[in-house]
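Structure file protein-v2.txt (compact mmCIF, C-alpha atoms) follows.
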```
# COMPACT_ATOMS: atom_id res chain seq x y z
CA MET A 1067 -79.81 -14.58 1.37
CA LYS A 1068 -78.28 -17.51 3.24
CA ASN A 1069 -75.63 -16.48 5.76
CA LYS A 1070 -72.40 -18.17 4.69
CA ILE A 1071 -70.16 -16.59 7.34
CA MET A 1072 -69.11 -18.97 10.09
CA THR A 1073 -66.17 -19.96 12.29
CA ALA A 1074 -63.51 -22.31 10.99
CA ASP A 1075 -64.70 -25.06 13.33
CA GLU A 1076 -68.29 -24.69 12.10
CA ALA A 1077 -67.13 -24.74 8.50
CA VAL A 1078 -65.28 -28.06 8.84
CA ALA A 1079 -68.01 -29.67 11.00
CA THR A 1080 -69.41 -31.81 8.17
CA ILE A 1081 -66.03 -33.24 7.14
CA LYS A 1082 -65.72 -36.89 8.14
CA ASP A 1083 -63.17 -39.69 8.12
CA GLY A 1084 -62.30 -40.82 4.59
CA ASP A 1085 -63.43 -37.62 2.84
CA SER A 1086 -61.52 -36.05 -0.06
CA ILE A 1087 -60.45 -32.42 0.15
CA MET A 1088 -58.90 -30.12 -2.45
CA VAL A 1089 -56.57 -27.54 -0.94
CA GLY A 1090 -55.46 -24.45 -2.87
CA GLY A 1091 -51.96 -23.01 -2.79
CA PHE A 1092 -48.40 -23.54 -3.96
CA MET A 1093 -45.86 -24.28 -1.23
CA ALA A 1094 -48.59 -23.13 1.16
CA CYS A 1095 -48.76 -19.68 -0.45
CA GLY A 1096 -52.49 -19.53 -1.15
CA THR A 1097 -53.44 -22.20 1.39
CA PRO A 1098 -56.00 -21.23 4.08
CA GLU A 1099 -54.13 -22.02 7.29
CA ILE A 1100 -57.15 -21.28 9.50
CA LEU A 1101 -59.11 -24.07 7.81
CA ILE A 1102 -56.16 -26.50 7.98
CA ASP A 1103 -55.80 -25.69 11.70
CA ALA A 1104 -59.51 -26.39 12.28
CA LEU A 1105 -59.16 -29.72 10.49
CA VAL A 1106 -56.19 -30.62 12.68
CA ARG A 1107 -58.32 -29.82 15.76
CA LYS A 1108 -61.19 -31.95 14.41
CA ASN A 1109 -58.66 -34.75 13.82
CA VAL A 1110 -60.61 -36.58 11.09
CA ARG A 1111 -58.48 -39.36 9.54
CA HIS A 1112 -57.92 -41.31 6.31
CA LEU A 1113 -58.33 -38.17 4.20
CA THR A 1114 -57.55 -37.92 0.51
CA ILE A 1115 -55.84 -34.57 -0.07
CA ILE A 1116 -55.53 -33.04 -3.52
CA CYS A 1117 -53.04 -30.18 -3.51
CA ASN A 1118 -50.20 -28.95 -5.71
CA ASP A 1119 -47.58 -30.07 -3.17
CA ALA A 1120 -47.11 -31.34 0.36
CA GLY A 1121 -46.32 -27.92 1.79
CA VAL A 1122 -43.57 -27.97 4.37
CA PRO A 1123 -43.70 -29.43 7.89
CA GLY A 1124 -45.75 -27.03 9.98
CA ARG A 1125 -47.29 -25.19 7.01
CA GLY A 1126 -50.21 -25.92 4.71
CA VAL A 1127 -51.15 -29.57 4.21
CA GLY A 1128 -47.83 -30.41 5.89
CA LYS A 1129 -49.73 -29.99 9.20
CA LEU A 1130 -52.28 -32.66 8.20
CA ILE A 1131 -49.49 -35.01 7.11
CA SER A 1132 -47.58 -34.48 10.38
CA ASN A 1133 -50.76 -35.26 12.31
CA GLY A 1134 -51.23 -38.55 10.42
CA GLN A 1135 -54.60 -37.53 8.95
CA VAL A 1136 -53.76 -38.11 5.29
CA LYS A 1137 -54.18 -41.56 3.73
CA LYS A 1138 -53.71 -40.52 0.12
CA LEU A 1139 -52.04 -37.45 -1.35
CA ILE A 1140 -52.52 -36.43 -4.97
CA ALA A 1141 -49.88 -33.78 -5.77
CA SER A 1142 -47.24 -32.73 -8.28
CA HIS A 1143 -44.31 -32.22 -5.91
CA VAL A 1144 -43.52 -33.51 -2.43
CA GLY A 1145 -39.74 -33.03 -2.30
CA LEU A 1146 -39.70 -30.08 0.08
CA ASN A 1147 -41.52 -31.97 2.82
CA PRO A 1148 -39.20 -34.77 4.04
CA GLU A 1149 -42.01 -36.21 6.13
CA VAL A 1150 -43.78 -37.43 2.98
CA ALA A 1151 -40.97 -39.84 2.10
CA GLN A 1152 -40.82 -41.08 5.71
CA ARG A 1153 -44.53 -41.78 5.76
CA MET A 1154 -44.55 -43.36 2.30
CA ASN A 1155 -41.82 -45.79 3.37
CA THR A 1156 -43.01 -46.61 6.88
CA ASP A 1157 -43.41 -50.27 7.83
CA VAL A 1158 -46.48 -49.50 9.94
CA GLU A 1159 -49.28 -50.29 7.48
CA ALA A 1160 -51.86 -48.08 9.25
CA ASP A 1161 -49.60 -45.02 8.95
CA LYS A 1162 -48.68 -45.55 5.32
CA LEU A 1163 -49.21 -42.56 3.06
CA GLU A 1164 -50.10 -43.29 -0.53
CA CYS A 1165 -48.76 -40.60 -2.82
CA ILE A 1166 -49.91 -40.15 -6.41
CA LEU A 1167 -47.71 -37.77 -8.39
CA VAL A 1168 -49.34 -35.86 -11.23
CA PRO A 1169 -47.66 -33.31 -13.52
CA GLN A 1170 -48.62 -29.85 -12.29
CA GLY A 1171 -50.30 -28.71 -15.49
CA THR A 1172 -52.20 -32.00 -15.71
CA LEU A 1173 -53.37 -31.64 -12.11
CA ALA A 1174 -54.66 -28.12 -12.79
CA GLU A 1175 -56.53 -29.26 -15.90
CA ARG A 1176 -57.97 -32.39 -14.25
CA VAL A 1177 -59.45 -30.21 -11.50
CA ARG A 1178 -60.70 -27.71 -14.06
CA ALA A 1179 -62.30 -30.56 -16.03
CA GLY A 1180 -63.94 -31.85 -12.86
CA GLY A 1181 -65.57 -28.49 -12.30
CA ALA A 1182 -66.34 -27.73 -15.92
CA GLY A 1183 -68.33 -30.84 -16.80
CA LEU A 1184 -65.65 -32.29 -19.04
CA GLY A 1185 -64.95 -36.01 -19.35
CA GLY A 1186 -61.23 -35.40 -19.11
CA ILE A 1187 -58.48 -33.68 -21.01
CA LEU A 1188 -55.94 -34.69 -23.66
CA THR A 1189 -52.39 -33.61 -22.84
CA PRO A 1190 -49.02 -34.33 -24.47
CA THR A 1191 -47.40 -34.12 -21.01
CA GLY A 1192 -46.26 -37.53 -19.78
CA VAL A 1193 -46.37 -39.36 -23.13
CA GLY A 1194 -43.57 -41.94 -23.18
CA THR A 1195 -43.03 -41.78 -19.40
CA ILE A 1196 -44.27 -43.81 -16.44
CA VAL A 1197 -47.04 -41.21 -16.03
CA ALA A 1198 -48.62 -42.77 -19.15
CA GLU A 1199 -48.86 -46.25 -17.59
CA GLY A 1200 -52.44 -47.56 -17.70
CA LYS A 1201 -53.71 -44.51 -19.57
CA GLN A 1202 -55.26 -44.30 -22.99
CA VAL A 1203 -53.10 -42.66 -25.66
CA ILE A 1204 -55.18 -40.83 -28.24
CA SER A 1205 -53.78 -39.45 -31.46
CA VAL A 1206 -55.23 -36.14 -32.64
CA GLN A 1207 -54.02 -34.42 -35.80
CA GLY A 1208 -50.93 -36.58 -35.78
CA ARG A 1209 -49.83 -35.97 -32.19
CA ASP A 1210 -50.15 -38.35 -29.24
CA TYR A 1211 -51.96 -37.26 -26.09
CA LEU A 1212 -52.78 -38.91 -22.77
CA LEU A 1213 -56.40 -39.06 -21.68
CA GLU A 1214 -56.39 -37.66 -18.14
CA GLU A 1215 -59.60 -38.03 -16.19
CA PRO A 1216 -61.46 -35.29 -14.33
CA LEU A 1217 -60.93 -34.87 -10.62
CA ARG A 1218 -63.52 -33.86 -8.02
CA ALA A 1219 -63.61 -33.89 -4.23
CA ASP A 1220 -66.07 -33.77 -1.33
CA HIS A 1221 -64.69 -30.46 -0.09
CA ALA A 1222 -62.44 -27.63 -1.24
CA PHE A 1223 -60.41 -25.25 0.93
CA LEU A 1224 -59.79 -21.94 -0.80
CA ARG A 1225 -57.72 -19.04 0.42
CA GLY A 1226 -59.14 -15.65 -0.48
CA SER A 1227 -57.70 -12.17 -0.07
CA VAL A 1228 -61.01 -10.30 -0.17
CA THR A 1229 -64.41 -12.04 -0.07
CA ASP A 1230 -67.83 -10.45 0.02
CA LYS A 1231 -70.76 -11.90 1.96
CA PHE A 1232 -72.04 -13.72 -1.14
CA GLY A 1233 -68.63 -15.41 -1.53
CA ASN A 1234 -67.24 -13.45 -4.47
CA THR A 1235 -63.48 -13.71 -4.00
CA THR A 1236 -60.24 -12.07 -5.16
CA TYR A 1237 -56.75 -13.50 -4.75
CA ASN A 1238 -53.64 -11.37 -4.25
CA GLY A 1239 -50.32 -12.07 -5.95
CA THR A 1240 -49.39 -15.71 -6.36
CA THR A 1241 -52.02 -16.96 -3.90
CA ARG A 1242 -54.39 -17.66 -6.80
CA THR A 1243 -52.75 -20.97 -7.88
CA PHE A 1244 -55.31 -23.82 -7.87
CA ASN A 1245 -57.98 -21.93 -5.90
CA PRO A 1246 -60.22 -20.81 -8.81
CA MET A 1247 -60.42 -24.31 -10.33
CA MET A 1248 -60.92 -26.05 -6.98
CA ALA A 1249 -63.80 -23.67 -6.25
CA THR A 1250 -65.70 -25.37 -9.08
CA ALA A 1251 -64.77 -29.00 -8.47
CA ALA A 1252 -65.99 -29.86 -4.96
CA ASP A 1253 -69.42 -30.42 -3.39
CA ASN A 1254 -68.70 -28.22 -0.35
CA VAL A 1255 -66.50 -25.18 -0.86
CA ILE A 1256 -65.06 -23.22 2.07
CA VAL A 1257 -63.13 -19.96 1.70
CA GLY A 1258 -60.71 -18.88 4.40
CA THR A 1259 -60.28 -15.20 3.65
CA CYS A 1260 -58.27 -12.22 4.88
CA GLU A 1261 -61.05 -9.65 4.60
CA ILE A 1262 -64.83 -9.93 4.46
CA VAL A 1263 -66.67 -7.02 2.82
CA GLU A 1264 -70.25 -6.13 1.96
CA ILE A 1265 -71.78 -7.28 -1.31
CA GLY A 1266 -71.04 -4.66 -3.96
CA GLU A 1267 -67.72 -3.57 -2.50
CA ILE A 1268 -65.68 -5.71 -4.89
CA ASP A 1269 -65.63 -4.37 -8.44
CA PRO A 1270 -67.19 -7.13 -10.61
CA ASN A 1271 -64.20 -6.69 -12.94
CA HIS A 1272 -61.96 -7.99 -10.15
CA VAL A 1273 -63.95 -10.98 -8.92
CA VAL A 1274 -62.12 -14.21 -9.78
CA THR A 1275 -64.33 -16.77 -8.03
CA SER A 1276 -68.08 -16.20 -8.08
CA GLY A 1277 -70.04 -16.53 -4.85
CA ILE A 1278 -72.23 -19.17 -6.50
CA PHE A 1279 -69.42 -21.67 -5.91
CA VAL A 1280 -68.92 -20.80 -2.24
CA ASP A 1281 -70.77 -22.57 0.59
CA ALA A 1282 -68.96 -21.15 3.62
CA ILE A 1283 -66.86 -18.06 4.38
CA VAL A 1284 -64.40 -17.92 7.26
CA GLY A 1285 -62.66 -14.65 8.12
CA GLY A 1286 -59.41 -14.18 10.01
CA GLU A 1287 -57.03 -15.62 7.42
CA LYS A 1288 -53.88 -13.54 7.04
CA PRO A 1289 -50.77 -13.43 4.90
CA TRP A 1290 -48.34 -15.97 6.36
CA GLN A 1291 -44.60 -16.28 6.14
CA ILE A 1292 -43.63 -19.55 4.50
CA MET B 1228 -17.98 -24.40 -7.30
CA ALA B 1229 -19.86 -21.10 -7.30
CA ASP B 1230 -17.61 -20.03 -10.19
CA ILE B 1231 -18.57 -23.09 -12.23
CA LYS B 1232 -22.25 -22.44 -11.68
CA GLU B 1233 -21.84 -18.79 -12.62
CA LEU B 1234 -19.91 -19.76 -15.74
CA ILE B 1235 -22.75 -22.04 -16.82
CA ALA B 1236 -25.49 -19.53 -15.95
CA ALA B 1237 -23.68 -16.73 -17.80
CA ARG B 1238 -23.34 -18.86 -20.94
CA VAL B 1239 -27.02 -19.88 -20.83
CA ALA B 1240 -27.97 -16.19 -20.61
CA LYS B 1241 -26.35 -15.58 -24.00
CA GLU B 1242 -28.93 -17.90 -25.56
CA LEU B 1243 -31.79 -15.58 -24.59
CA LYS B 1244 -33.10 -13.15 -27.18
CA ASP B 1245 -34.80 -9.82 -26.77
CA GLY B 1246 -38.51 -10.39 -26.15
CA ASP B 1247 -38.22 -14.04 -25.12
CA VAL B 1248 -40.61 -15.45 -22.54
CA VAL B 1249 -38.39 -17.50 -20.22
CA ASN B 1250 -39.00 -19.97 -17.41
CA LEU B 1251 -36.03 -20.76 -15.15
CA GLY B 1252 -35.91 -23.86 -12.97
CA ILE B 1253 -34.87 -23.93 -9.33
CA GLY B 1254 -31.17 -23.72 -8.37
CA LEU B 1255 -28.49 -23.03 -10.98
CA PRO B 1256 -31.03 -22.06 -13.70
CA THR B 1257 -32.39 -19.28 -11.44
CA MET B 1258 -28.90 -17.68 -11.57
CA VAL B 1259 -29.31 -17.10 -15.33
CA ALA B 1260 -31.40 -14.02 -14.50
CA ASN B 1261 -28.25 -12.34 -13.11
CA PHE B 1262 -26.44 -12.50 -16.47
CA ILE B 1263 -28.91 -11.21 -19.05
CA PRO B 1264 -26.88 -9.28 -21.66
CA GLU B 1265 -27.39 -5.55 -21.90
CA GLY B 1266 -30.03 -4.54 -24.42
CA VAL B 1267 -31.86 -7.85 -24.07
CA ASP B 1268 -35.25 -7.66 -22.38
CA VAL B 1269 -36.81 -10.97 -21.46
CA VAL B 1270 -40.08 -11.67 -19.67
CA PHE B 1271 -39.76 -14.20 -16.86
CA GLN B 1272 -42.64 -16.57 -16.27
CA SER B 1273 -43.01 -18.35 -12.95
CA GLU B 1274 -45.28 -21.39 -13.15
CA ASN B 1275 -46.99 -20.66 -9.84
CA GLY B 1276 -48.65 -17.71 -11.54
CA ILE B 1277 -46.50 -14.76 -12.66
CA MET B 1278 -45.73 -13.28 -16.06
CA GLY B 1279 -43.16 -10.50 -15.65
CA MET B 1280 -41.38 -11.72 -12.52
CA GLY B 1281 -38.70 -9.36 -11.15
CA PRO B 1282 -35.70 -9.92 -8.88
CA ALA B 1283 -35.85 -11.43 -5.39
CA ALA B 1284 -37.51 -9.18 -2.81
CA GLU B 1285 -35.26 -7.16 -0.52
CA LYS B 1286 -35.16 -8.39 3.03
CA GLY B 1287 -37.78 -6.62 5.11
CA ARG B 1288 -39.73 -5.54 2.02
CA GLU B 1289 -41.21 -8.91 1.04
CA ASP B 1290 -44.85 -9.29 0.09
CA VAL B 1291 -45.58 -12.73 1.56
CA ASP B 1292 -48.33 -13.25 -1.03
CA ILE B 1293 -45.77 -13.18 -3.87
CA ILE B 1294 -43.36 -16.11 -4.26
CA ASN B 1295 -41.57 -17.80 -7.14
CA ALA B 1296 -41.75 -21.52 -7.92
CA GLY B 1297 -38.85 -22.11 -5.54
CA ALA B 1298 -40.88 -20.54 -2.69
CA GLN B 1299 -38.65 -17.45 -2.48
CA TYR B 1300 -40.18 -14.00 -2.08
CA VAL B 1301 -39.87 -12.12 -5.36
CA THR B 1302 -40.94 -8.84 -6.91
CA VAL B 1303 -42.83 -8.27 -10.14
CA ASN B 1304 -41.92 -5.83 -12.88
CA GLN B 1305 -44.15 -3.12 -14.28
CA GLY B 1306 -46.53 -4.72 -16.73
CA ALA B 1307 -46.65 -8.00 -14.83
CA MET B 1308 -49.67 -10.26 -14.49
CA PHE B 1309 -50.76 -12.88 -11.94
CA PHE B 1310 -52.80 -15.91 -12.97
CA ASP B 1311 -54.05 -19.28 -11.80
CA SER B 1312 -52.27 -22.60 -12.37
CA ALA B 1313 -54.49 -23.74 -15.26
CA THR B 1314 -53.76 -20.50 -17.14
CA SER B 1315 -50.08 -20.79 -16.25
CA PHE B 1316 -49.76 -24.27 -17.70
CA GLY B 1317 -51.87 -23.30 -20.69
CA ILE B 1318 -49.16 -20.72 -21.38
CA ILE B 1319 -46.48 -23.39 -20.91
CA ARG B 1320 -48.09 -26.29 -22.79
CA GLY B 1321 -49.44 -24.02 -25.48
CA GLY B 1322 -45.96 -23.12 -26.69
CA HIS B 1323 -45.99 -19.54 -25.41
CA VAL B 1324 -42.77 -19.95 -23.40
CA ASP B 1325 -39.78 -19.48 -25.70
CA VAL B 1326 -37.07 -20.96 -23.49
CA THR B 1327 -37.06 -23.13 -20.39
CA VAL B 1328 -33.83 -23.76 -18.50
CA LEU B 1329 -33.64 -26.62 -16.05
CA GLY B 1330 -31.29 -29.10 -14.44
CA ALA B 1331 -31.06 -32.83 -15.09
CA LEU B 1332 -30.16 -36.03 -13.33
CA GLU B 1333 -29.55 -37.56 -16.78
CA VAL B 1334 -29.90 -36.45 -20.37
CA ASP B 1335 -29.20 -38.62 -23.39
CA GLN B 1336 -28.21 -38.35 -27.05
CA CYS B 1337 -31.83 -38.62 -28.19
CA GLY B 1338 -32.79 -35.56 -26.14
CA ASN B 1339 -34.51 -37.65 -23.49
CA LEU B 1340 -34.50 -36.10 -20.03
CA SER B 1341 -34.67 -37.64 -16.55
CA ASN B 1342 -34.90 -35.26 -13.63
CA TRP B 1343 -37.77 -36.10 -11.33
CA ILE B 1344 -37.33 -39.46 -9.65
CA VAL B 1345 -34.72 -41.93 -8.48
CA PRO B 1346 -36.92 -44.97 -7.77
CA GLY B 1347 -36.56 -46.23 -4.22
CA LYS B 1348 -34.30 -43.35 -3.23
CA MET B 1349 -35.66 -39.95 -4.05
CA VAL B 1350 -39.23 -39.25 -5.11
CA PRO B 1351 -39.62 -35.47 -5.13
CA GLY B 1352 -42.15 -35.39 -7.96
CA MET B 1353 -42.12 -33.74 -11.35
CA GLY B 1354 -43.79 -30.48 -10.33
CA GLY B 1355 -44.07 -28.46 -13.52
CA ALA B 1356 -41.04 -29.96 -15.27
CA MET B 1357 -42.90 -32.45 -17.51
CA ASP B 1358 -45.19 -29.72 -18.83
CA LEU B 1359 -42.35 -27.22 -19.26
CA VAL B 1360 -40.12 -29.45 -21.37
CA VAL B 1361 -43.02 -30.67 -23.50
CA GLY B 1362 -44.39 -27.18 -24.07
CA ALA B 1363 -41.47 -24.75 -24.26
CA LYS B 1364 -40.11 -23.96 -27.72
CA LYS B 1365 -36.51 -24.43 -26.62
CA VAL B 1366 -35.31 -26.63 -23.76
CA ILE B 1367 -31.86 -25.93 -22.32
CA VAL B 1368 -30.38 -28.27 -19.74
CA ALA B 1369 -27.96 -26.32 -17.53
CA MET B 1370 -25.92 -28.46 -15.17
CA GLN B 1371 -22.48 -29.58 -14.08
CA HIS B 1372 -21.12 -32.00 -16.66
CA THR B 1373 -20.87 -34.96 -14.25
CA GLN B 1374 -22.18 -35.91 -10.82
CA LYS B 1375 -18.83 -36.05 -9.00
CA GLY B 1376 -17.33 -37.87 -11.98
CA ALA B 1377 -20.34 -40.07 -12.74
CA HIS B 1378 -21.76 -39.54 -16.23
CA LYS B 1379 -24.97 -37.54 -16.56
CA ILE B 1380 -24.85 -37.16 -20.34
CA LEU B 1381 -25.53 -40.65 -21.63
CA GLY B 1382 -26.24 -42.74 -24.70
CA GLU B 1383 -29.51 -43.66 -23.04
CA CYS B 1384 -31.07 -42.45 -19.78
CA MET B 1385 -31.31 -45.12 -17.07
CA LEU B 1386 -33.76 -43.26 -14.81
CA PRO B 1387 -37.47 -42.82 -15.62
CA TYR B 1388 -38.01 -40.11 -18.21
CA THR B 1389 -39.37 -36.66 -17.58
CA ALA B 1390 -40.06 -36.51 -21.31
CA VAL B 1391 -38.73 -38.07 -24.51
CA GLY B 1392 -36.89 -36.23 -27.26
CA VAL B 1393 -37.31 -32.74 -25.83
CA VAL B 1394 -33.83 -31.40 -24.99
CA ASP B 1395 -32.37 -28.96 -27.54
CA MET B 1396 -29.22 -27.85 -25.81
CA ILE B 1397 -26.93 -28.87 -22.94
CA ILE B 1398 -24.69 -26.27 -21.31
CA THR B 1399 -22.11 -27.34 -18.73
CA GLU B 1400 -18.82 -26.00 -17.37
CA MET B 1401 -17.09 -28.02 -20.10
CA GLY B 1402 -18.95 -26.77 -23.11
CA VAL B 1403 -22.06 -26.13 -25.16
CA MET B 1404 -23.76 -29.07 -26.84
CA GLU B 1405 -26.68 -29.31 -29.19
CA VAL B 1406 -28.86 -32.40 -29.45
CA THR B 1407 -29.15 -33.29 -33.13
CA LYS B 1408 -30.66 -36.21 -35.05
CA GLU B 1409 -27.16 -37.67 -35.34
CA GLY B 1410 -26.35 -37.28 -31.65
CA ILE B 1411 -24.76 -34.75 -29.30
CA LEU B 1412 -22.84 -32.08 -31.18
CA LEU B 1413 -20.11 -30.26 -29.24
CA LYS B 1414 -20.18 -26.68 -30.53
CA GLU B 1415 -18.17 -24.82 -27.91
CA TYR B 1416 -15.63 -26.06 -25.39
CA ASN B 1417 -14.08 -24.59 -22.28
CA PRO B 1418 -10.30 -24.36 -22.95
CA ASP B 1419 -9.66 -25.30 -19.30
CA TYR B 1420 -10.39 -28.86 -20.51
CA THR B 1421 -9.03 -30.91 -23.39
CA LEU B 1422 -11.44 -32.50 -25.87
CA GLU B 1423 -10.31 -35.89 -24.52
CA GLN B 1424 -11.28 -34.86 -20.98
CA ILE B 1425 -14.69 -33.67 -22.17
CA GLN B 1426 -15.32 -36.91 -24.06
CA GLU B 1427 -14.19 -38.92 -21.03
CA ALA B 1428 -16.67 -37.06 -18.83
CA THR B 1429 -19.48 -37.86 -21.30
CA GLY B 1430 -21.32 -41.19 -21.49
CA ALA B 1431 -22.23 -40.72 -25.15
CA GLN B 1432 -20.04 -40.34 -28.23
CA LEU B 1433 -19.68 -36.62 -28.90
CA ILE B 1434 -19.77 -35.32 -32.44
CA ILE B 1435 -17.24 -32.51 -32.74
CA SER B 1436 -18.60 -29.58 -34.71
CA PRO B 1437 -16.49 -28.54 -37.70
CA ASP B 1438 -17.05 -25.00 -36.41
CA LEU B 1439 -15.94 -25.87 -32.86
CA ARG B 1440 -14.86 -22.80 -30.94
CA GLU B 1441 -14.02 -21.69 -27.44
CA MET B 1442 -16.95 -21.26 -25.08
CA GLU B 1443 -18.31 -17.73 -25.12
CA ARG B 1444 -17.72 -15.97 -21.85
```
Could you rewrite the structure in this file as structure tokens?
Amino acid sequence: MKNKIMTADEAVATIKDGDSIMVGGFMACGTPEILIDALVRKNVRHLTIICNDAGVPGRGVGKLISNGQVKKLIASHVGLNPEVAQRMNTDVEADKLECILVPQGTLAERVRAGGAGLGGILTPTGVGTIVAEGKQVISVQGRDYLLEEPLRADHAFLRGSVTDKFGNTTYNGTTRTFNPMMATAADNVIVGTCEIVEIGEIDPNHVVTSGIFVDAIVGGEKPWQI
Amino acid sequence: MADIKELIAARVAKELKDGDVVNLGIGLPTMVANFIPEGVDVVFQSENGIMGMGPAAEKGREDVDIINAGAQYVTVNQGAMFFDSATSFGIIRGGHVDVTVLGALEVDQCGNLSNWIVPGKMVPGMGGAMDLVVGAKKVIVAMQHTQKGAHKILGECMLPYTAVGVVDMIITEMGVMEVTKEGILLKEYNPDYTLEQIQEATGAQLIISPDLREMER
């Protein structure tokens, strides 16, 4: 079996300027900080980041934003990271951050659709609001829905609690968030995990993400204070 | 100020029924959990992935892998479950949350809600609010009646909508209002204010309920 275990720097080696990356977590709880740190060291630029939120300065994708590596952010909430507003409103064109806000449930389903071979989803969320601008409204059984398109990325950063050497992964507490859907919706999937165990040590009943989705496993992740 | 918020939160809590699945927004709505009437068991959902959320974690005993949607460390009750965000919003959109309580920048007499953006000034994002108000069976707006005197309850929202026609109830320090087809019906009032003062603080014409009574405390 292919060895998927590597260092964080090895795992991010193929990421290049302009790539898109899905990052799991909610307010950085469930975000693999060791992978974010490696990406900061690599200093690739003009990234498109897909994540629930902008983290906070110094945590989660907030580190990438602070380092000026993010060109476009697709997220549901950015209000707890004041740097996002500063970078959205900057007069320096090269530093400008484009921010696309998506309702949280819609974001989760768009990622799921991207990984599940669906051509999109129909949701009542956003009907009659500016979120509906430019989108097709489809009536089904008398109710209006927005057609929301699937979302995929070049890479996904997952944060596991326990991962076996095949990549089977469990997520503790509220770290699960977007991780299981993102695992299915990117070409190159990297798990930063707290504990690496032998194949067979995780009860199949408890595996949330199958190893078939995982390309690289990086140990050394730990529970972080927000 | 704290008293006003507690008054509002305590009144909202009286709307919750035994067995309800409840999602509380950040800030004042979170305080509702402190006032659940005795004999009423509700199940708190947190959209970042908890069914059966418990109180805030004691200092020094936090599990840093367990937060609520406001990024505070919380506990979970016996019988709780963790899930991913797609499952969480399936629960929300699918009508499995009985009551959602959240704040508003503006709410109008048609039940339209605006609470996620002030164009050009504040762009925090909608987070889970758009899904919650579209999906929950009952939507309660809990907020101070005005923004330092400026109307928040209006004939028509000026800010971009979070959703249209979704608000069922508005609870403020001045009273309890229901959004009806005819407009905003004042059902309970706080006797610290006159009806004239309440109307003056409201940017829509209030309909006074024939059964108007003092606000339950």
| task | Find the residues in chain A near chain B: any atom within 6 Å counts, using only C-alpha atoms. Write them as a VMD selection string. | result | chain A and resid 1142 to 1145 1169 to 1171 1174 to 1175 1191 1195 1239 to 1244 1291
| message | I'd like the interatomic distance between atom CA of A:Ala1182 and atom CA of B:His1323, to a tenth of an Å. | response |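 Answer for the atom CA of A:Ala1182 to atom CA of B:His1323 separation: 23.9 Å.
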Once you count all atoms listed in the file, which residues end up no further than 9 Å from (-58.6, -29.0, -14.0) in the file's frame, shown as an mmCIF file with C-alpha atoms, in the coordinates of the input?
```cif
data_model
loop_
_atom_site.group_PDB
_atom_site.id
_atom_site.type_symbol
_atom_site.label_atom_id
_atom_site.label_comp_id
_atom_site.auth_asym_id
_atom_site.auth_seq_id
_atom_site.Cartn_x
_atom_site.Cartn_y
_atom_site.Cartn_z
ATOM 1 C CA GLY A 1171 -50.300 -28.710 -15.490
ATOM 2 C CA THR A 1172 -52.200 -32.000 -15.710
ATOM 3 C CA LEU A 1173 -53.370 -31.640 -12.110
ATOM 4 C CA ALA A 1174 -54.660 -28.120 -12.790
ATOM 5 C CA GLU A 1175 -56.530 -29.260 -15.900
ATOM 6 C CA ARG A 1176 -57.970 -32.390 -14.250
ATOM 7 C CA VAL A 1177 -59.450 -30.210 -11.500
ATOM 8 C CA ARG A 1178 -60.700 -27.710 -14.060
ATOM 9 C CA ALA A 1179 -62.300 -30.560 -16.030
ATOM 10 C CA GLY A 1180 -63.940 -31.850 -12.860
ATOM 11 C CA GLY A 1181 -65.570 -28.490 -12.300
ATOM 12 C CA ALA A 1182 -66.340 -27.730 -15.920
ATOM 13 C CA GLY A 1186 -61.230 -35.400 -19.110
ATOM 14 C CA ILE A 1187 -58.480 -33.680 -21.010
ATOM 15 C CA PRO A 1216 -61.460 -35.290 -14.330
ATOM 16 C CA LEU A 1217 -60.930 -34.870 -10.620
ATOM 17 C CA PHE A 1244 -55.310 -23.820 -7.870
ATOM 18 C CA MET A 1247 -60.420 -24.310 -10.330
ATOM 19 C CA MET A 1248 -60.920 -26.050 -6.980
ATOM 20 C CA ALA A 1251 -64.770 -29.000 -8.470
ATOM 21 C CA ALA B 1313 -54.490 -23.740 -15.260
#
```
| Do you know which residues are at most 7 Å from B:Ala1431 counting only C-alpha atoms, after dropping those on the same chain fewer than 6 positions away, and could you put them as an MDAnalysis selection string? | chainID B and resid 1336 1380:1382
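Compared by their closest atoms to B:Gly1410, and using all atoms listed in the file, the residues B:Met1278, B:Val1239, B:Ile1435, B:Ala1331 rank with B:Ile1435 nearest.
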| message | Which residues are close to B:Leu1413, i.e. within 7 Å by all atoms listed in the file, leaving aside same-chain residues fewer than 6 positions away? Reply as a ChimeraX atom specification. | response | /B:1403-1405,1433-1436
Convert the current residue selection to file output with C-alpha atoms, as a compact mmCIF listing (two decimals), in the coordinates of the input.
```txt
# COMPACT_ATOMS: atom_id res chain seq x y z
CA VAL B 1403 -22.06 -26.13 -25.16
CA MET B 1404 -23.76 -29.07 -26.84
CA GLU B 1405 -26.68 -29.31 -29.19
CA LEU B 1433 -19.68 -36.62 -28.90
CA ILE B 1434 -19.77 -35.32 -32.44
CA ILE B 1435 -17.24 -32.51 -32.74
CA SER B 1436 -18.60 -29.58 -34.71
```
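Note that the spacing between atom CA of A:Gly1266 and atom CA of A:Phe1223 amounts to 23.7 Å.
Going from atom CA of B:Glu1333 to atom CA of B:Cys1384 covers 5.9 Å.
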| task | Show which residues sit within 12 Å of B:Phe1262, as JSON, numbers by chain. Count all atoms listed in the file, and ignore same-chain residues fewer than 4 positions away. | result | {"B": [1232, 1233, 1234, 1235, 1236, 1237, 1238, 1239, 1240, 1241, 1242, 1243, 1256, 1257, 1258, 1266, 1267, 1268, 1269, 1444]}
